[in-house]
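Here's the structure, in structure tokens; my notes come after.
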Amino acid sequence: MGLLSGMEKFGLSKFKNANVMEEVSEEVKPANIQVEEKKEPPFNEEDVLFDKHYTCPVCDYTFTTRSVRAGKVRLLNHDTDLRPIYGKMDVLKYDVISCEKCGYSALIRYFGKLTVKQSRAIKEAVGNSFSGISNKNRVFTYDDAISRYKLALLTAMVKNAKQSEKAYICLKLAWIYRGKLEGLDKNDPQRDEIYKEELECISNAYEGFLLALSNEPLPIAGMDENTLKYVLADLARRLKKYEESIKLLGQVIISKTTNDRLKKMALDMKDVLKQEVEENK
């Protein structure tokens with residue numbers, strides 16, 4: 001029995017009879033060993049989620065909801081309206097926090113920022129009639145997310161939120177519908193209806209952001225003026241409001257405060273827009 005016997009269990013059977021004091025022959029040198037490629041384990045969405053605690057500012061109820069661990073899902077790209085596209089899962093499904101007792105819901109960005117008057121209005125208009133929502137699902141489906149975004153939009157309406165908050169919820173809800181649409185088979189009968197829902201959200205986001213740009217201080221929903229105008233231009237394009245889109249893109253392109261990256265994105269969109277206008281003549 002050689003000194004290196006037992007190496008078979010590690011896949012190194014070529015070495016089991018090797019003489020320790022002799023040079024390793026070409027037959028058994030490590031360089032010639034076929035190394036089995038390590039396979040990445042299948043992705044499990046639940047593995048990147050955890051339960052995060054929140055206290056509802058309306059009813060003081062403490063609850064947990066599913067949240068995404070920071071840095072666990074890679075950002076791959078953006079759509080032209082800045083919708084983030086992640087690898088393996090859609091992080092946007094977890095961007096709304098919903099109290100399972102009274103129904104108060106908001107995007108993470110706005111959660112907890114309530115006046116006494118707003119809290120009372122939500123309690124009376126939503127909480128007194130709310131039948132409950134479960135945060136116990138280990139993974140949220142797109143339908144789960146849609147319900148939560150709609151609750152957030154309803155909450156924003158009841159508390160008389162700024163136009164920008166309502167517009168931002170509508171924009172992100174449009175992204176959720178788009179994500180759901182992308183996961184459907186091309187022949188799925190739901191496709192037309194879901195696309196209509198996405199366009200309705202885009203229309204509301206467009207109108208809301210236009211009003212916010214005229215009436216609210218910057219930044220708006222985390223966006224400076226040029227970024228918001230760029231997003232508005234793309235929303236107008238998706239709604240086939242081509243003249244408005246061209247006008248907004250022009251403002252972004254000629255602005256001295258537009259950074260190089262955003263200017264390039266605006267120029268690229270201008271090319272896409274020209275092509276669409278030609279196709280729709």
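For the structure tokens, the naming scheme is as follows: chains receive sequential letters (A, B, ...) according to their order of presentation, residues are indexed from 1 within each chain, and ligands are indexed from 1 in presentation order.
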(message) I want to know what sits within 7 Å of A:Leu249, based on only C-alpha atoms, with residues of the same chain fewer than 4 positions away left out; could you give that as a list in words?
(response) Tyr230, Ala233, Ser245, Ile253 and Ala266 of chain A
(message) Quick one: residues within 9 Å of A:Val231, only C-alpha atoms, excluding same-chain residues fewer than 5 positions away - as an NGL selection string?
(response) :A and (80-82 or 206 or 226 or 236)
Given the selection you just returned, output its residues as a file containing C-alpha atoms, formatted as a PDB file, in the first residue's frame.
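Written out: part.pdb:
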ATOM      1  CA  THR A  80     -34.960  52.936 -21.683  1.00  0.00           C
ATOM      2  CA  ASP A  81     -37.295  54.284 -18.971  1.00  0.00           C
ATOM      3  CA  LEU A  82     -34.658  53.324 -16.359  1.00  0.00           C
ATOM      4  CA  TYR A 206     -46.379  60.618 -17.319  1.00  0.00           C
ATOM      5  CA  ASN A 226     -32.578  66.245 -16.723  1.00  0.00           C
ATOM      6  CA  ALA A 236     -44.176  59.915 -23.999  1.00  0.00           C
TER       7      ALA A 236
END
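Considering only C-alpha atoms, the residue among A:Asn44, A:Asn128, A:Ser98, A:Thr141 positioned nearest to A:Lys72 is A:Asn44.
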(request) Quick one: everything within 12 Å of A:Cys170, counting only C-alpha atoms, minus sequence neighbours fewer than 5 positions away in the same chain. Send it as a ChimeraX atom specification. (result) /A:107,146,149-154,156-157,163-165,175-177,197-209,235
Would you mind exporting the chosen residues as a PDB file, in the first residue's frame, restricted to N, CA and C atoms?
ATOM      1  N   LEU A 107     -44.091  52.533  -0.922  1.00  0.00           N
ATOM      2  CA  LEU A 107     -42.759  52.166  -1.384  1.00  0.00           C
ATOM      3  C   LEU A 107     -41.779  52.373  -0.242  1.00  0.00           C
ATOM      4  N   ILE A 146     -48.299  43.083  -7.557  1.00  0.00           N
ATOM      5  CA  ILE A 146     -49.305  43.985  -8.123  1.00  0.00           C
ATOM      6  C   ILE A 146     -50.297  44.418  -7.051  1.00  0.00           C
ATOM      7  N   TYR A 149     -48.544  46.980  -4.781  1.00  0.00           N
ATOM      8  CA  TYR A 149     -48.382  48.280  -5.441  1.00  0.00           C
ATOM      9  C   TYR A 149     -49.714  49.027  -5.529  1.00  0.00           C
ATOM     10  N   LYS A 150     -50.784  48.284  -5.777  1.00  0.00           N
ATOM     11  CA  LYS A 150     -52.102  48.934  -5.830  1.00  0.00           C
ATOM     12  C   LYS A 150     -52.505  49.468  -4.449  1.00  0.00           C
ATOM     13  N   LEU A 151     -52.180  48.719  -3.396  1.00  0.00           N
ATOM     14  CA  LEU A 151     -52.434  49.207  -2.037  1.00  0.00           C
ATOM     15  C   LEU A 151     -51.614  50.463  -1.754  1.00  0.00           C
ATOM     16  N   ALA A 152     -50.368  50.490  -2.230  1.00  0.00           N
ATOM     17  CA  ALA A 152     -49.521  51.670  -2.038  1.00  0.00           C
ATOM     18  C   ALA A 152     -50.097  52.873  -2.774  1.00  0.00           C
ATOM     19  N   LEU A 153     -50.615  52.643  -3.984  1.00  0.00           N
ATOM     20  CA  LEU A 153     -51.215  53.725  -4.755  1.00  0.00           C
ATOM     21  C   LEU A 153     -52.484  54.230  -4.077  1.00  0.00           C
ATOM     22  N   LEU A 154     -53.312  53.311  -3.587  1.00  0.00           N
ATOM     23  CA  LEU A 154     -54.524  53.695  -2.861  1.00  0.00           C
ATOM     24  C   LEU A 154     -54.167  54.501  -1.613  1.00  0.00           C
ATOM     25  N   ALA A 156     -51.503  56.283  -1.113  1.00  0.00           N
ATOM     26  CA  ALA A 156     -51.001  57.593  -1.537  1.00  0.00           C
ATOM     27  C   ALA A 156     -52.150  58.523  -1.909  1.00  0.00           C
ATOM     28  N   MET A 157     -53.177  57.988  -2.549  1.00  0.00           N
ATOM     29  CA  MET A 157     -54.345  58.798  -2.912  1.00  0.00           C
ATOM     30  C   MET A 157     -55.081  59.274  -1.659  1.00  0.00           C
ATOM     31  N   GLN A 163     -47.884  64.614  -6.194  1.00  0.00           N
ATOM     32  CA  GLN A 163     -48.043  63.998  -7.510  1.00  0.00           C
ATOM     33  C   GLN A 163     -46.862  63.090  -7.843  1.00  0.00           C
ATOM     34  N   SER A 164     -45.671  63.493  -7.410  1.00  0.00           N
ATOM     35  CA  SER A 164     -44.474  62.704  -7.720  1.00  0.00           C
ATOM     36  C   SER A 164     -44.519  61.327  -7.088  1.00  0.00           C
ATOM     37  N   GLU A 165     -45.042  61.232  -5.861  1.00  0.00           N
ATOM     38  CA  GLU A 165     -45.118  59.922  -5.209  1.00  0.00           C
ATOM     39  C   GLU A 165     -46.084  59.012  -5.949  1.00  0.00           C
ATOM     40  N   TRP A 175     -43.566  48.777 -14.427  1.00  0.00           N
ATOM     41  CA  TRP A 175     -42.410  47.870 -14.532  1.00  0.00           C
ATOM     42  C   TRP A 175     -42.764  46.462 -14.057  1.00  0.00           C
ATOM     43  N   ILE A 176     -43.605  46.382 -13.012  1.00  0.00           N
ATOM     44  CA  ILE A 176     -44.041  45.072 -12.509  1.00  0.00           C
ATOM     45  C   ILE A 176     -44.879  44.351 -13.570  1.00  0.00           C
ATOM     46  N   TYR A 177     -45.808  45.085 -14.199  1.00  0.00           N
ATOM     47  CA  TYR A 177     -46.596  44.475 -15.274  1.00  0.00           C
ATOM     48  C   TYR A 177     -45.685  44.021 -16.414  1.00  0.00           C
ATOM     49  N   GLU A 197     -52.662  47.279 -19.075  1.00  0.00           N
ATOM     50  CA  GLU A 197     -52.460  47.732 -17.692  1.00  0.00           C
ATOM     51  C   GLU A 197     -51.138  48.489 -17.572  1.00  0.00           C
ATOM     52  N   GLU A 198     -50.099  47.978 -18.232  1.00  0.00           N
ATOM     53  CA  GLU A 198     -48.810  48.672 -18.205  1.00  0.00           C
ATOM     54  C   GLU A 198     -48.929  50.068 -18.805  1.00  0.00           C
ATOM     55  N   LEU A 199     -49.600  50.177 -19.955  1.00  0.00           N
ATOM     56  CA  LEU A 199     -49.751  51.480 -20.615  1.00  0.00           C
ATOM     57  C   LEU A 199     -50.571  52.450 -19.772  1.00  0.00           C
ATOM     58  N   GLU A 200     -51.581  51.942 -19.075  1.00  0.00           N
ATOM     59  CA  GLU A 200     -52.370  52.818 -18.207  1.00  0.00           C
ATOM     60  C   GLU A 200     -51.513  53.375 -17.077  1.00  0.00           C
ATOM     61  N   CYS A 201     -50.665  52.520 -16.516  1.00  0.00           N
ATOM     62  CA  CYS A 201     -49.748  52.982 -15.466  1.00  0.00           C
ATOM     63  C   CYS A 201     -48.763  54.008 -16.016  1.00  0.00           C
ATOM     64  N   ILE A 202     -48.244  53.756 -17.217  1.00  0.00           N
ATOM     65  CA  ILE A 202     -47.305  54.693 -17.841  1.00  0.00           C
ATOM     66  C   ILE A 202     -47.977  56.041 -18.090  1.00  0.00           C
ATOM     67  N   SER A 203     -49.223  56.011 -18.542  1.00  0.00           N
ATOM     68  CA  SER A 203     -49.964  57.246 -18.793  1.00  0.00           C
ATOM     69  C   SER A 203     -50.122  58.064 -17.515  1.00  0.00           C
ATOM     70  N   ASN A 204     -50.474  57.396 -16.417  1.00  0.00           N
ATOM     71  CA  ASN A 204     -50.629  58.087 -15.140  1.00  0.00           C
ATOM     72  C   ASN A 204     -49.291  58.602 -14.608  1.00  0.00           C
ATOM     73  N   ALA A 205     -48.237  57.820 -14.807  1.00  0.00           N
ATOM     74  CA  ALA A 205     -46.905  58.255 -14.381  1.00  0.00           C
ATOM     75  C   ALA A 205     -46.482  59.489 -15.163  1.00  0.00           C
ATOM     76  N   TYR A 206     -46.749  59.489 -16.459  1.00  0.00           N
ATOM     77  CA  TYR A 206     -46.379  60.618 -17.319  1.00  0.00           C
ATOM     78  C   TYR A 206     -47.088  61.905 -16.863  1.00  0.00           C
ATOM     79  N   GLU A 207     -48.398  61.821 -16.689  1.00  0.00           N
ATOM     80  CA  GLU A 207     -49.160  63.004 -16.271  1.00  0.00           C
ATOM     81  C   GLU A 207     -48.721  63.481 -14.889  1.00  0.00           C
ATOM     82  N   GLY A 208     -48.504  62.539 -13.983  1.00  0.00           N
ATOM     83  CA  GLY A 208     -48.105  62.906 -12.624  1.00  0.00           C
ATOM     84  C   GLY A 208     -46.734  63.552 -12.562  1.00  0.00           C
ATOM     85  N   PHE A 209     -45.780  63.023 -13.302  1.00  0.00           N
ATOM     86  CA  PHE A 209     -44.428  63.593 -13.303  1.00  0.00           C
ATOM     87  C   PHE A 209     -44.411  64.965 -13.977  1.00  0.00           C
ATOM     88  N   LEU A 235     -41.434  57.857 -21.591  1.00  0.00           N
ATOM     89  CA  LEU A 235     -42.834  57.524 -21.332  1.00  0.00           C
ATOM     90  C   LEU A 235     -43.722  58.081 -22.444  1.00  0.00           C
TER      91      LEU A 235
END
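Going from atom CA of A:Val48 over to atom CA of A:Gly179, you cover 18.8 Å.
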(message) Here is a test: counting only C-alpha atoms, which residue of A:Glu225, A:Glu243, A:Asp192, A:Glu279 is nearest to A:Ser255?
(response) A:Glu225
(request) Please identify all polymer residues within 8 Å of A:Val139, counting only C-alpha atoms, omitting same-chain residues fewer than 6 positions from it, and present them as a PyMOL selection string. (result) chain A and resi 45-46+66
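Counting only C-alpha atoms and comparing A:Glu244, A:Glu278, A:Asp60, A:Asp51, the residue that lies closest to A:Lys101 is A:Asp60.
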(message) I want to know what sits within 12 Å of A:Ile254, based on only C-alpha atoms, with residues of the same chain fewer than 3 positions away left out; could you give that as JSON, numbers by chain?
(response) {"A": [226, 247, 248, 249, 250, 251, 257, 258, 259, 260, 262, 263, 264, 266, 267]}
So that I have them on file, write out the residues from the current selection with N, CA and C atoms, as a PDB file, in the first residue's frame.
ATOM      1  N   ASN A 226     -32.891  66.863 -15.431  1.00  0.00           N
ATOM      2  CA  ASN A 226     -32.578  66.245 -16.723  1.00  0.00           C
ATOM      3  C   ASN A 226     -32.957  64.766 -16.759  1.00  0.00           C
ATOM      4  N   LYS A 247     -39.472  67.009 -27.977  1.00  0.00           N
ATOM      5  CA  LYS A 247     -39.235  68.266 -27.272  1.00  0.00           C
ATOM      6  C   LYS A 247     -38.454  68.043 -25.979  1.00  0.00           C
ATOM      7  N   LEU A 248     -38.859  67.046 -25.198  1.00  0.00           N
ATOM      8  CA  LEU A 248     -38.192  66.758 -23.930  1.00  0.00           C
ATOM      9  C   LEU A 248     -36.762  66.264 -24.151  1.00  0.00           C
ATOM     10  N   LEU A 249     -36.574  65.418 -25.144  1.00  0.00           N
ATOM     11  CA  LEU A 249     -35.231  64.927 -25.445  1.00  0.00           C
ATOM     12  C   LEU A 249     -34.314  66.076 -25.857  1.00  0.00           C
ATOM     13  N   GLY A 250     -34.851  66.998 -26.642  1.00  0.00           N
ATOM     14  CA  GLY A 250     -34.059  68.152 -27.053  1.00  0.00           C
ATOM     15  C   GLY A 250     -33.579  68.969 -25.869  1.00  0.00           C
ATOM     16  N   GLN A 251     -34.460  69.125 -24.875  1.00  0.00           N
ATOM     17  CA  GLN A 251     -34.090  69.890 -23.677  1.00  0.00           C
ATOM     18  C   GLN A 251     -32.971  69.197 -22.902  1.00  0.00           C
ATOM     19  N   THR A 257     -26.101  71.089 -18.067  1.00  0.00           N
ATOM     20  CA  THR A 257     -25.947  70.316 -16.827  1.00  0.00           C
ATOM     21  C   THR A 257     -26.187  68.817 -17.021  1.00  0.00           C
ATOM     22  N   THR A 258     -26.483  68.394 -18.256  1.00  0.00           N
ATOM     23  CA  THR A 258     -26.681  66.968 -18.527  1.00  0.00           C
ATOM     24  C   THR A 258     -25.334  66.263 -18.572  1.00  0.00           C
ATOM     25  N   ASN A 259     -25.196  65.194 -17.787  1.00  0.00           N
ATOM     26  CA  ASN A 259     -23.921  64.465 -17.806  1.00  0.00           C
ATOM     27  C   ASN A 259     -23.785  63.665 -19.098  1.00  0.00           C
ATOM     28  N   ASP A 260     -22.571  63.242 -19.400  1.00  0.00           N
ATOM     29  CA  ASP A 260     -22.269  62.582 -20.670  1.00  0.00           C
ATOM     30  C   ASP A 260     -23.066  61.296 -20.862  1.00  0.00           C
ATOM     31  N   LEU A 262     -26.029  60.433 -19.579  1.00  0.00           N
ATOM     32  CA  LEU A 262     -27.439  60.705 -19.850  1.00  0.00           C
ATOM     33  C   LEU A 262     -27.618  61.296 -21.245  1.00  0.00           C
ATOM     34  N   LYS A 263     -26.671  62.142 -21.670  1.00  0.00           N
ATOM     35  CA  LYS A 263     -26.761  62.740 -23.000  1.00  0.00           C
ATOM     36  C   LYS A 263     -26.679  61.655 -24.073  1.00  0.00           C
ATOM     37  N   LYS A 264     -25.801  60.680 -23.888  1.00  0.00           N
ATOM     38  CA  LYS A 264     -25.694  59.582 -24.852  1.00  0.00           C
ATOM     39  C   LYS A 264     -26.989  58.773 -24.887  1.00  0.00           C
ATOM     40  N   ALA A 266     -29.943  59.880 -24.224  1.00  0.00           N
ATOM     41  CA  ALA A 266     -30.945  60.710 -24.897  1.00  0.00           C
ATOM     42  C   ALA A 266     -30.749  60.693 -26.408  1.00  0.00           C
ATOM     43  N   LEU A 267     -29.500  60.731 -26.863  1.00  0.00           N
ATOM     44  CA  LEU A 267     -29.212  60.674 -28.300  1.00  0.00           C
ATOM     45  C   LEU A 267     -29.607  59.317 -28.881  1.00  0.00           C
TER      46      LEU A 267
END
(request) Taking the DSSP assignment computed from this structure's backbone, write out as a PyMOL selection string all residues of stretch 36-278 of chain A that belong to alpha helix (DSSP H). (result) chain A and resi 116-122+142-158+163-182+191-215+225-238+242-254+260-278
How would the residues just picked look written out with C-alpha atoms as a short mmCIF file (atom, residue, chain, number, x, y, z; two decimals), in the first residue's frame?
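Contents of result-v5.cif, as written:
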data_model
loop_
_atom_site.label_atom_id
_atom_site.label_comp_id
_atom_site.auth_asym_id
_atom_site.auth_seq_id
_atom_site.Cartn_x
_atom_site.Cartn_y
_atom_site.Cartn_z
CA VAL A 116 -51.08 63.01 11.94
CA LYS A 117 -53.76 64.07 9.45
CA GLN A 118 -52.56 61.56 6.85
CA SER A 119 -52.39 58.75 9.39
CA ARG A 120 -55.96 59.46 10.51
CA ALA A 121 -57.21 59.56 6.92
CA ILE A 122 -55.62 56.18 6.11
CA TYR A 142 -45.93 39.18 -9.71
CA ASP A 143 -49.60 39.03 -8.69
CA ASP A 144 -48.58 39.44 -5.03
CA ALA A 145 -46.50 42.47 -6.03
CA ILE A 146 -49.30 43.99 -8.12
CA SER A 147 -51.68 43.80 -5.14
CA ARG A 148 -49.13 45.55 -2.92
CA TYR A 149 -48.38 48.28 -5.44
CA LYS A 150 -52.10 48.93 -5.83
CA LEU A 151 -52.43 49.21 -2.04
CA ALA A 152 -49.52 51.67 -2.04
CA LEU A 153 -51.21 53.73 -4.75
CA LEU A 154 -54.52 53.69 -2.86
CA THR A 155 -52.73 54.75 0.32
CA ALA A 156 -51.00 57.59 -1.54
CA MET A 157 -54.34 58.80 -2.91
CA VAL A 158 -56.01 58.69 0.51
CA GLN A 163 -48.04 64.00 -7.51
CA SER A 164 -44.47 62.70 -7.72
CA GLU A 165 -45.12 59.92 -5.21
CA LYS A 166 -48.23 58.75 -7.03
CA ALA A 167 -46.44 59.00 -10.38
CA TYR A 168 -43.47 57.01 -9.10
CA ILE A 169 -45.74 54.23 -7.80
CA CYS A 170 -47.47 54.12 -11.20
CA LEU A 171 -44.12 53.94 -12.99
CA LYS A 172 -42.91 51.07 -10.83
CA LEU A 173 -46.25 49.27 -11.17
CA ALA A 174 -45.81 49.55 -14.95
CA TRP A 175 -42.41 47.87 -14.53
CA ILE A 176 -44.04 45.07 -12.51
CA TYR A 177 -46.60 44.48 -15.27
CA ARG A 178 -43.74 44.45 -17.81
CA GLY A 179 -41.86 41.90 -15.76
CA LYS A 180 -44.93 39.69 -15.59
CA LEU A 181 -45.48 40.09 -19.33
CA GLU A 182 -41.90 39.05 -20.10
CA ARG A 191 -50.71 39.32 -22.69
CA ASP A 192 -52.96 41.98 -24.27
CA GLU A 193 -54.66 42.81 -20.98
CA ILE A 194 -51.40 43.04 -19.05
CA TYR A 195 -49.89 45.31 -21.73
CA LYS A 196 -52.96 47.58 -21.47
CA GLU A 197 -52.46 47.73 -17.69
CA GLU A 198 -48.81 48.67 -18.21
CA LEU A 199 -49.75 51.48 -20.61
CA GLU A 200 -52.37 52.82 -18.21
CA CYS A 201 -49.75 52.98 -15.47
CA ILE A 202 -47.31 54.69 -17.84
CA SER A 203 -49.96 57.25 -18.79
CA ASN A 204 -50.63 58.09 -15.14
CA ALA A 205 -46.91 58.25 -14.38
CA TYR A 206 -46.38 60.62 -17.32
CA GLU A 207 -49.16 63.00 -16.27
CA GLY A 208 -48.11 62.91 -12.62
CA PHE A 209 -44.43 63.59 -13.30
CA LEU A 210 -45.31 66.48 -15.64
CA LEU A 211 -47.35 68.09 -12.85
CA ALA A 212 -44.60 67.42 -10.33
CA LEU A 213 -42.00 69.03 -12.60
CA SER A 214 -44.08 72.21 -12.63
CA ASN A 215 -45.04 72.28 -8.96
CA GLU A 225 -34.41 67.72 -13.73
CA ASN A 226 -32.58 66.24 -16.72
CA THR A 227 -33.07 62.64 -15.60
CA LEU A 228 -36.77 63.24 -15.02
CA LYS A 229 -37.16 64.87 -18.45
CA TYR A 230 -35.37 61.92 -20.01
CA VAL A 231 -37.79 59.49 -18.29
CA LEU A 232 -40.75 61.65 -19.36
CA ALA A 233 -39.46 61.58 -22.94
CA ASP A 234 -39.40 57.79 -22.92
CA LEU A 235 -42.83 57.52 -21.33
CA ALA A 236 -44.18 59.91 -24.00
CA ARG A 237 -42.57 57.73 -26.69
CA ARG A 238 -44.24 54.61 -25.27
CA TYR A 242 -43.90 61.73 -30.32
CA GLU A 243 -43.87 65.55 -30.43
CA GLU A 244 -43.71 65.79 -26.64
CA SER A 245 -40.98 63.16 -26.55
CA ILE A 246 -38.85 64.99 -29.15
CA LYS A 247 -39.24 68.27 -27.27
CA LEU A 248 -38.19 66.76 -23.93
CA LEU A 249 -35.23 64.93 -25.44
CA GLY A 250 -34.06 68.15 -27.05
CA GLN A 251 -34.09 69.89 -23.68
CA VAL A 252 -31.99 67.11 -22.16
CA ILE A 253 -29.49 67.07 -25.03
CA ILE A 254 -28.83 70.83 -25.10
CA ASP A 260 -22.27 62.58 -20.67
CA ARG A 261 -23.92 59.24 -19.89
CA LEU A 262 -27.44 60.70 -19.85
CA LYS A 263 -26.76 62.74 -23.00
CA LYS A 264 -25.69 59.58 -24.85
CA MET A 265 -28.83 57.78 -23.65
CA ALA A 266 -30.95 60.71 -24.90
CA LEU A 267 -29.21 60.67 -28.30
CA ASP A 268 -29.74 56.91 -28.58
CA MET A 269 -33.40 57.33 -27.73
CA LYS A 270 -33.70 60.08 -30.32
CA ASP A 271 -32.58 57.57 -32.98
CA VAL A 272 -35.13 55.02 -31.74
CA LEU A 273 -37.80 57.71 -31.78
CA LYS A 274 -37.03 58.72 -35.37
CA GLN A 275 -37.37 55.11 -36.45
CA GLU A 276 -40.71 54.70 -34.66
CA VAL A 277 -42.07 57.91 -36.19
CA GLU A 278 -41.14 56.65 -39.66
#
